[in-house]
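Colleague: First the structure, which I've put down as structure tokens, then a few questions once you've had a look.
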Protein chains: 4
Amino acid sequence: MEIQLWREILDPYVLAVDELVVKFNHIIDEYRKMGDYSPIEQVNGRVKTISSILEKAQKKNIALDNMEEEIEDIAGIRIICQFVEDINKVVEIIKKRTDMTVKSEKDYIAHMKSSGYRSYHLIIYYNVQTLTGTKQIQAEIQIRTLAMNFWATIEHSLQYKYKHNMPEHIRNRLSRAADAIIALDAEMSQIRGEIMDAQNSFKIKANT
Amino acid sequence: MEIQLWREILDPYVLAVDELVVKFNHIIDEYRKMGDYSPIEQVNGRVKTISSILEKAQKKNIALDNMEEEIEDIAGIRIICQFVEDINKVVEIIKKRTDMTVKSEKDYIAHMKSSGYRSYHLIIYYNVQTLTGTKQIQAEIQIRTLAMNFWATIEHSLQYKYKHNMPEHIRNRLSRAADAIIALDAEMSQIRGEIMDAQNSFKIKANT
Amino acid sequence: MEIQLWREILDPYVLAVDELVVKFNHIIDEYRKMGDYSPIEQVNGRVKTISSILEKAQKKNIALDNMEEEIEDIAGIRIICQFVEDINKVVEIIKKRTDMTVKSEKDYIAHMKSSGYRSYHLIIYYNVQTLTGTKQIQAEIQIRTLAMNFWATIEHSLQYKYKHNMPEHIRNRLSRAADAIIALDAEMSQIRGEIMDAQNSFKIKANT
Amino acid sequence: MEIQLWREILDPYVLAVDELVVKFNHIIDEYRKMGDYSPIEQVNGRVKTISSILEKAQKKNIALDNMEEEIEDIAGIRIICQFVEDINKVVEIIKKRTDMTVKSEKDYIAHMKSSGYRSYHLIIYYNVQTLTGTKQIQAEIQIRTLAMNFWATIEHSLQYKYKHNMPEHIRNRLSRAADAIIALDAEMSQIRGEIMDAQNSFKIKANT
């Protein structure tokens, strides 16, 4: 497939990512303008590169004709939260929206991957308007805490370096790091609970 | 009305402008990725300032409760085209979209304002998702050529300086400038026709 | 020359353009924050594409080794003004800065090109910091009015379409359009003078 | 001091932050274009709000006349690294630059704050060009790992909530979390060493 055709195929995904980043970033603004805590800390987006798409298609034995249906993460959005509990809040917010539909979800937080990877994944359907009409595309939304993202960033850069041949002792260290991250997030959640308590007791006082 | 409340009212308009600018800019990309001429040259957006809204409400005797219904240009998008003919093309593109609905349109090109102002205005309905659900807002889309925009920019800065008390002789010069702009755009349209002819004859040759 | 080497060569130019756009845009902010009229209306920047560089090198018989010295517009900044008089003000501002040095200048406004092209061009030296140290690069700054830019945009898109074989009758129309633009800018300058007068008399009154 | 004056005072800091963010982000690009690992992962900048400046001036008993000299972090840049070792590399890069001068540095990594805060701080002098000439301003550059930043973000949001009256048991949890972060970063550094070894042995092989 030539570069021109790739551009035309990927173009609606670029648009979708741009629109979704604007929309999720605006949620942060909305909370902040109300003076409230935002469950979203940060939003990033990217369209998969042609070479990553080809690599994935080959690895998973996907015909290029089915690519847009079977590769669900051509458009990718990453949402970073401060606390584990914020993740469910973000999932709820997404499910309530009428401009996107959840196709499937995977909870890699309740069910950690063997590598130690943890995140909440949603595959959504999203409509974009092109010059030839409405096009429904899929996008993957990854939702994770700052700590999970920290781990995933390190792991990704190691994966990239070792090209799936990661030495055992490095894999072990990553796994231990993942455990430490879980402990950290648990510690943080504990604090979050106390913040909420503190805030509630304050409001109760204020209302008496 | 206090600043906090204004922020909450204007927030969905900020979101709408951000989304619309992304969407119209993407149309330019889409044409360029296909190697085609884009009828849109440039896109800008802005939300009316609180002081402009108050000024307009007072001038037009609009109660603040009806403000969002009666002030149709709280969200404003400006689309700049190279040629007069592109304007209708852009209007068509907008009318075909399913993510916005045209409420009304004013053709100040066929019917120039007495000041010399020329542009095509559309008022659209557009839905944004807020934390409290879907909100339908209005936005004004102004479509004009580079030349019309040139004139309007100058006129706006003079209006701003003279606060609606523009001296007669300046008004006259602006009016003469507007005539010159019409002549210019007509000259340009003439060339556009020939470009189209040239391109068509090229394609016919290429197909023989 | 391979793509990787091109990237390394062009990289400091990308940086220079990014820095210069930030700096010139900030001048607009500075005037506006003081509540003053800004002689700069708009700033754009671009790095010449590899294919344009190659085309220019071939056309002007420039060896690739001398490319960075002899092609002075690899980095390009365009500054748009409302009035012809603003152009000299912008030139002055640039000449006073200590973070760039003017190498040469061409006044295509006093001396219009035969095509009808009008703009003020400055070639500057500008230092950027790279990982291997300080690098002095050249950049071209084009300064023009909105009207001149309008004409140049149209002419550029026609040049691009006709690839330097522009038919005589189109060239004639462009030339007539250029005359109209000169008349327009003159008309505008006349008004600018009156604005200045009006403002001065206001200040005199205010001081009495 | 009125808002207009504040704007004029803070304006050069806004410019400095914009320029510095462009410059540090470009370092990431430069490494990536060479296909190399970038010691900088992410760059952010901000200008202190007026209310934070006033708060700090009051707390530290600083007269507003000395504010620009004594409050060194009016302009703030945050540089995030993947590994602890990257931090020194970034400090070196900054010290080599000729467009900024290091005034002072604080190594809160070797010498952790009692709260558990860890980061490397540099105060730099940096020149910006304003309409009235060159102005030397100060800026604070904070350099930290992803893990340190994770901790600092959480701590900052808790500080903000408790307004410096953080309950003992929360302070203890934060302190334990800080210990976990140190362990994490140490684990990560260990892996980094092995990556470097792996890469070196690869290069040695490649050269034989």
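By order of appearance in the structure tokens: chains A, B, ..., then residues from 1 within every chain, and ligands from 1 in the order shown.
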Would you pick out the contacts of C:Lys96 at 8 Å or less, using only C-alpha atoms, so that residues sharing its chain but fewer than 3 positions from it are not included, and give the list as a ChimeraX atom specification?

Modeller: /C:92-93 /D:133

Colleague: Write down, as a VMD selection string, each residue of chain C that has any atom within 7 Å of an atom of chain B, counting only C-alpha atoms.

Modeller: chain C and resid 146 to 147 150 170 173 177 180 184 187 191

Colleague: Go ahead and write the residues just picked, all heavy atoms, as a tab-separated table (two decimals), in the first residue's frame.

Modeller:
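Output file out_22.tsv is given in full below:
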```tsv
chain	number	residue	atom	x	y	z
C	146	LEU	N	-1.31	43.32	5.28
C	146	LEU	CA	-2.38	42.36	4.99
C	146	LEU	C	-2.67	42.32	3.50
C	146	LEU	O	-2.85	41.25	2.92
C	146	LEU	CB	-3.66	42.78	5.74
C	146	LEU	CG	-3.75	42.46	7.23
C	146	LEU	CD1	-4.85	43.29	7.87
C	146	LEU	CD2	-4.05	40.99	7.43
C	147	ALA	N	-2.73	43.50	2.88
C	147	ALA	CA	-3.08	43.58	1.46
C	147	ALA	C	-1.98	42.96	0.60
C	147	ALA	O	-2.25	42.19	-0.33
C	147	ALA	CB	-3.33	45.03	1.06
C	150	PHE	N	-2.20	39.29	0.98
C	150	PHE	CA	-3.34	38.77	0.23
C	150	PHE	C	-2.91	38.51	-1.21
C	150	PHE	O	-3.10	37.43	-1.77
C	150	PHE	CB	-4.48	39.79	0.30
C	150	PHE	CG	-5.49	39.63	-0.79
C	150	PHE	CD1	-6.34	38.54	-0.80
C	150	PHE	CD2	-5.60	40.58	-1.79
C	150	PHE	CE1	-7.27	38.39	-1.82
C	150	PHE	CE2	-6.52	40.43	-2.80
C	150	PHE	CZ	-7.36	39.33	-2.82
C	170	ILE	N	-2.99	35.93	-17.41
C	170	ILE	CA	-3.12	35.80	-15.96
C	170	ILE	C	-2.11	36.71	-15.27
C	170	ILE	O	-2.42	37.41	-14.31
C	170	ILE	CB	-2.93	34.32	-15.53
C	170	ILE	CG1	-4.12	33.51	-16.05
C	170	ILE	CG2	-2.81	34.20	-14.01
C	170	ILE	CD1	-4.18	32.10	-15.55
C	173	ARG	N	-3.53	40.11	-15.23
C	173	ARG	CA	-4.55	40.31	-14.20
C	173	ARG	C	-3.90	40.47	-12.82
C	173	ARG	O	-4.31	41.32	-12.04
C	173	ARG	CB	-5.52	39.12	-14.16
C	173	ARG	CG	-6.59	39.21	-15.21
C	173	ARG	CD	-7.72	38.24	-14.91
C	173	ARG	NE	-8.56	38.11	-16.09
C	173	ARG	CZ	-9.52	38.97	-16.41
C	173	ARG	NH1	-9.74	40.03	-15.65
C	173	ARG	NH2	-10.24	38.79	-17.49
C	177	ALA	N	-4.16	43.53	-10.33
C	177	ALA	CA	-4.54	43.33	-8.93
C	177	ALA	C	-3.50	43.99	-8.00
C	177	ALA	O	-3.86	44.62	-7.01
C	177	ALA	CB	-4.67	41.84	-8.61
C	180	ALA	N	-4.13	47.59	-7.79
C	180	ALA	CA	-5.28	47.85	-6.91
C	180	ALA	C	-4.86	47.78	-5.44
C	180	ALA	O	-5.31	48.58	-4.61
C	180	ALA	CB	-6.40	46.84	-7.19
C	184	LEU	N	-5.11	50.54	-2.55
C	184	LEU	CA	-5.77	50.21	-1.28
C	184	LEU	C	-4.90	50.59	-0.09
C	184	LEU	O	-5.36	51.26	0.84
C	184	LEU	CB	-5.99	48.70	-1.21
C	184	LEU	CG	-7.42	48.20	-1.22
C	184	LEU	CD1	-7.42	46.69	-1.20
C	184	LEU	CD2	-8.22	48.76	-0.06
C	187	GLU	N	-4.73	54.25	0.40
C	187	GLU	CA	-6.00	54.71	1.00
C	187	GLU	C	-5.96	54.46	2.52
C	187	GLU	O	-6.30	55.32	3.32
C	187	GLU	CB	-7.13	53.89	0.38
C	187	GLU	CG	-8.52	54.48	0.48
C	187	GLU	CD	-8.78	55.44	-0.68
C	187	GLU	OE1	-8.23	55.24	-1.80
C	187	GLU	OE2	-9.54	56.40	-0.45
C	191	ILE	N	-5.87	56.97	6.05
C	191	ILE	CA	-6.71	56.85	7.24
C	191	ILE	C	-5.84	56.74	8.49
C	191	ILE	O	-6.14	57.32	9.53
C	191	ILE	CB	-7.64	55.62	7.15
C	191	ILE	CG1	-8.58	55.77	5.96
C	191	ILE	CG2	-8.44	55.48	8.42
C	191	ILE	CD1	-9.49	54.59	5.75
```

Colleague: One number please: atom CA of D:Lys163 to atom CA of D:Met112, in Å, one decimal.

Modeller: 21.5 Å

Colleague: Using DSSP secondary structure from the backbone, list all helix (DSSP H, G or I) positions within stretch 15-113 of chain D, as an MDAnalysis selection string.

Modeller: chainID D and resid 15:33 50:59 64:70 84:96

Colleague: Need the shell around A:Ser119: protein/DNA/RNA residues with any atom at most 7 Å away, counting only C-alpha atoms. Skip same-chain ones fewer than 6 positions apart. Format as a compact mmCIF listing (two decimals) with all heavy atoms, in the first residue's frame?

Modeller:
```txt
# COMPACT_ATOMS: atom_id res chain seq x y z
N ASP A 107 -10.18 -4.69 32.12
CA ASP A 107 -9.73 -4.14 33.40
C ASP A 107 -8.42 -4.81 33.80
O ASP A 107 -8.41 -5.80 34.52
CB ASP A 107 -10.84 -4.36 34.45
CG ASP A 107 -10.46 -3.73 35.79
OD1 ASP A 107 -9.29 -3.31 35.93
OD2 ASP A 107 -11.33 -3.66 36.67
N TYR A 108 -7.30 -4.26 33.30
CA TYR A 108 -5.99 -4.80 33.65
C TYR A 108 -5.53 -4.30 35.02
O TYR A 108 -4.36 -4.44 35.36
CB TYR A 108 -4.94 -4.41 32.59
CG TYR A 108 -5.16 -5.05 31.25
CD1 TYR A 108 -5.28 -4.26 30.10
CD2 TYR A 108 -5.26 -6.44 31.11
CE1 TYR A 108 -5.47 -4.84 28.86
CE2 TYR A 108 -5.47 -7.02 29.87
CZ TYR A 108 -5.57 -6.22 28.75
OH TYR A 108 -5.77 -6.80 27.53
N ILE A 109 -6.43 -3.69 35.76
CA ILE A 109 -6.07 -3.29 37.13
C ILE A 109 -6.53 -4.40 38.08
O ILE A 109 -5.73 -4.92 38.85
CB ILE A 109 -6.68 -1.92 37.49
CG1 ILE A 109 -6.02 -0.86 36.59
CG2 ILE A 109 -6.46 -1.60 38.96
CD1 ILE A 109 -6.72 0.44 36.53
N GLN A 142 -6.80 4.37 27.18
CA GLN A 142 -6.11 3.76 28.31
C GLN A 142 -6.19 4.70 29.50
O GLN A 142 -5.82 5.86 29.38
CB GLN A 142 -4.63 3.52 27.98
CG GLN A 142 -4.40 2.64 26.77
CD GLN A 142 -2.91 2.49 26.45
OE1 GLN A 142 -2.09 3.29 26.91
NE2 GLN A 142 -2.57 1.49 25.66
N ILE A 143 -6.67 4.19 30.61
CA ILE A 143 -6.80 5.02 31.81
C ILE A 143 -5.93 4.42 32.90
O ILE A 143 -6.01 3.23 33.18
CB ILE A 143 -8.27 5.10 32.28
CG1 ILE A 143 -9.19 5.35 31.08
CG2 ILE A 143 -8.46 6.18 33.34
CD1 ILE A 143 -10.66 5.14 31.38
N ARG A 144 -5.05 5.22 33.48
CA ARG A 144 -4.11 4.72 34.49
C ARG A 144 -3.71 5.82 35.46
O ARG A 144 -3.87 7.00 35.19
CB ARG A 144 -2.86 4.16 33.82
CG ARG A 144 -2.46 4.83 32.54
CD ARG A 144 -1.09 4.37 32.08
NE ARG A 144 -1.14 3.41 31.01
CZ ARG A 144 -0.18 3.27 30.09
NH1 ARG A 144 0.90 4.05 30.14
NH2 ARG A 144 -0.26 2.39 29.15
```

Colleague: Find the distance between atom CA of C:Ser38 and atom CA of C:Asn88 and write it in Å to one decimal.

Modeller: 12.8 Å

Colleague: Just list the residues in stretch 29-182 of chain B DSSP gives strand (DSSP E) on the backbone, as number ranges by chain.

Modeller: B: 42-47, 75-81, 101-107, 120-130, 133-145

Colleague: Residues at most 9 Å from D:Asn127, counting only C-alpha atoms, excluding those fewer than 4 positions away in the same chain, as number ranges by chain?

Modeller: D: 16, 99-100, 134-138

Colleague: Quick one: everything within 12 Å of A:Asp73, counting only C-alpha atoms, minus sequence neighbours fewer than 5 positions away in the same chain. Send it as a list of chain:residue names.

Modeller: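 Returned residues: A:Leu10, A:Tyr13, A:Ala16, A:Val17, A:Gly45, A:Arg46, A:Val47, A:Lys48, A:Thr49, A:Ser52, A:Ile53, A:Lys56, A:Ala57, A:Met67, A:Glu68, A:Arg78, A:His121, A:Leu122, A:Ile123, A:Ile124, A:Tyr125, A:Ile137, A:Gln138, A:Ala139, A:Glu140, A:Ile141, A:Gln142.
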
Colleague: Just the selected residues (N, CA, C and O atoms), exported as a JSON list (two decimals), in the first residue's frame, please.

Modeller:
```json
[["chain", "number", "residue", "atom", "x", "y", "z"],
["A", 10, "LEU", "N", -5.47, 6.84, 7.41],
["A", 10, "LEU", "CA", -5.18, 7.27, 8.78],
["A", 10, "LEU", "C", -5.77, 8.64, 9.11],
["A", 10, "LEU", "O", -5.95, 8.98, 10.28],
["A", 13, "TYR", "N", -8.45, 9.03, 11.69],
["A", 13, "TYR", "CA", -7.95, 8.70, 13.03],
["A", 13, "TYR", "C", -7.22, 9.90, 13.65],
["A", 13, "TYR", "O", -7.33, 10.16, 14.83],
["A", 16, "ALA", "N", -9.93, 12.12, 14.79],
["A", 16, "ALA", "CA", -10.57, 11.60, 16.00],
["A", 16, "ALA", "C", -9.70, 11.88, 17.23],
["A", 16, "ALA", "O", -10.20, 12.33, 18.26],
["A", 17, "VAL", "N", -8.40, 11.62, 17.11],
["A", 17, "VAL", "CA", -7.50, 11.85, 18.24],
["A", 17, "VAL", "C", -7.49, 13.33, 18.63],
["A", 17, "VAL", "O", -7.60, 13.68, 19.80],
["A", 45, "GLY", "N", -2.67, 11.89, 23.25],
["A", 45, "GLY", "CA", -3.23, 11.10, 22.15],
["A", 45, "GLY", "C", -2.17, 10.84, 21.10],
["A", 45, "GLY", "O", -1.20, 11.57, 21.00],
["A", 46, "ARG", "N", -2.36, 9.77, 20.34],
["A", 46, "ARG", "CA", -1.44, 9.49, 19.24],
["A", 46, "ARG", "C", -2.14, 8.58, 18.23],
["A", 46, "ARG", "O", -3.05, 7.83, 18.59],
["A", 47, "VAL", "N", -1.71, 8.68, 16.97],
["A", 47, "VAL", "CA", -2.15, 7.72, 15.97],
["A", 47, "VAL", "C", -1.00, 6.76, 15.77],
["A", 47, "VAL", "O", 0.16, 7.18, 15.69],
["A", 48, "LYS", "N", -1.29, 5.47, 15.73],
["A", 48, "LYS", "CA", -0.27, 4.43, 15.54],
["A", 48, "LYS", "C", 0.51, 4.72, 14.26],
["A", 48, "LYS", "O", -0.08, 5.12, 13.25],
["A", 49, "THR", "N", 1.81, 4.52, 14.27],
["A", 49, "THR", "CA", 2.59, 4.72, 13.04],
["A", 49, "THR", "C", 2.32, 3.57, 12.07],
["A", 49, "THR", "O", 1.90, 2.48, 12.48],
["A", 52, "SER", "N", 4.16, 0.43, 13.02],
["A", 52, "SER", "CA", 3.56, -0.31, 14.14],
["A", 52, "SER", "C", 2.31, -1.06, 13.69],
["A", 52, "SER", "O", 2.03, -2.16, 14.17],
["A", 53, "ILE", "N", 1.54, -0.44, 12.81],
["A", 53, "ILE", "CA", 0.33, -1.11, 12.32],
["A", 53, "ILE", "C", 0.72, -2.37, 11.56],
["A", 53, "ILE", "O", 0.17, -3.46, 11.78],
["A", 56, "LYS", "N", 1.94, -5.08, 13.90],
["A", 56, "LYS", "CA", 0.85, -5.72, 14.64],
["A", 56, "LYS", "C", 0.02, -6.63, 13.72],
["A", 56, "LYS", "O", -0.38, -7.73, 14.12],
["A", 57, "ALA", "N", -0.21, -6.16, 12.48],
["A", 57, "ALA", "CA", -1.00, -6.94, 11.52],
["A", 57, "ALA", "C", -0.29, -8.28, 11.25],
["A", 57, "ALA", "O", -0.93, -9.34, 11.22],
["A", 67, "MET", "N", -7.91, -4.61, 8.66],
["A", 67, "MET", "CA", -7.09, -3.85, 9.59],
["A", 67, "MET", "C", -7.91, -2.88, 10.44],
["A", 67, "MET", "O", -7.79, -2.85, 11.66],
["A", 68, "GLU", "N", -8.74, -2.08, 9.78],
["A", 68, "GLU", "CA", -9.47, -1.04, 10.53],
["A", 68, "GLU", "C", -10.44, -1.63, 11.53],
["A", 68, "GLU", "O", -10.74, -1.03, 12.55],
["A", 78, "ARG", "N", -4.59, 8.40, 25.97],
["A", 78, "ARG", "CA", -4.16, 7.99, 27.31],
["A", 78, "ARG", "C", -4.60, 9.04, 28.33],
["A", 78, "ARG", "O", -4.32, 10.22, 28.16],
["A", 121, "HIS", "N", -8.61, -0.36, 30.00],
["A", 121, "HIS", "CA", -8.73, -0.09, 28.56],
["A", 121, "HIS", "C", -10.19, -0.09, 28.12],
["A", 121, "HIS", "O", -10.94, -1.00, 28.45],
["A", 122, "LEU", "N", -10.55, 0.93, 27.35],
["A", 122, "LEU", "CA", -11.86, 0.96, 26.71],
["A", 122, "LEU", "C", -11.66, 1.03, 25.21],
["A", 122, "LEU", "O", -10.81, 1.80, 24.74],
["A", 123, "ILE", "N", -12.41, 0.25, 24.47],
["A", 123, "ILE", "CA", -12.46, 0.47, 23.02],
["A", 123, "ILE", "C", -13.78, 1.19, 22.75],
["A", 123, "ILE", "O", -14.84, 0.73, 23.19],
["A", 124, "ILE", "N", -13.69, 2.32, 22.08],
["A", 124, "ILE", "CA", -14.93, 3.06, 21.80],
["A", 124, "ILE", "C", -15.16, 3.19, 20.30],
["A", 124, "ILE", "O", -14.22, 3.09, 19.50],
["A", 125, "TYR", "N", -16.42, 3.36, 19.94],
["A", 125, "TYR", "CA", -16.77, 3.79, 18.58],
["A", 125, "TYR", "C", -16.97, 5.30, 18.62],
["A", 125, "TYR", "O", -17.58, 5.83, 19.56],
["A", 137, "ILE", "N", -15.14, 5.32, 13.53],
["A", 137, "ILE", "CA", -13.85, 4.69, 13.75],
["A", 137, "ILE", "C", -13.79, 4.15, 15.19],
["A", 137, "ILE", "O", -14.64, 4.48, 16.02],
["A", 138, "GLN", "N", -12.79, 3.31, 15.44],
["A", 138, "GLN", "CA", -12.56, 2.82, 16.79],
["A", 138, "GLN", "C", -11.37, 3.55, 17.41],
["A", 138, "GLN", "O", -10.46, 3.95, 16.70],
["A", 139, "ALA", "N", -11.41, 3.70, 18.72],
["A", 139, "ALA", "CA", -10.26, 4.28, 19.41],
["A", 139, "ALA", "C", -10.08, 3.53, 20.72],
["A", 139, "ALA", "O", -11.06, 3.05, 21.31],
["A", 140, "GLU", "N", -8.82, 3.39, 21.16],
["A", 140, "GLU", "CA", -8.55, 2.78, 22.46],
["A", 140, "GLU", "C", -8.27, 3.88, 23.47],
["A", 140, "GLU", "O", -7.44, 4.75, 23.22],
["A", 141, "ILE", "N", -8.96, 3.84, 24.59],
["A", 141, "ILE", "CA", -8.69, 4.78, 25.68],
["A", 141, "ILE", "C", -8.03, 4.01, 26.82],
["A", 141, "ILE", "O", -8.61, 3.05, 27.33],
["A", 142, "GLN", "N", -6.80, 4.37, 27.18],
["A", 142, "GLN", "CA", -6.11, 3.76, 28.31],
["A", 142, "GLN", "C", -6.19, 4.70, 29.50],
["A", 142, "GLN", "O", -5.82, 5.86, 29.38]]
```

Colleague: Can you tell me which residues surround stretch 19-35 of chain C at a distance of at most 9 Å, considering only C-alpha atoms, apart from same-chain residues fewer than 3 positions away, and format the answer as an MDAnalysis selection string?

Modeller: (chainID C and resid 14:16 38:45 77 79 128) or (chainID D and resid 4 7:8 11:12 14:15 18:19 22:23 128:131)
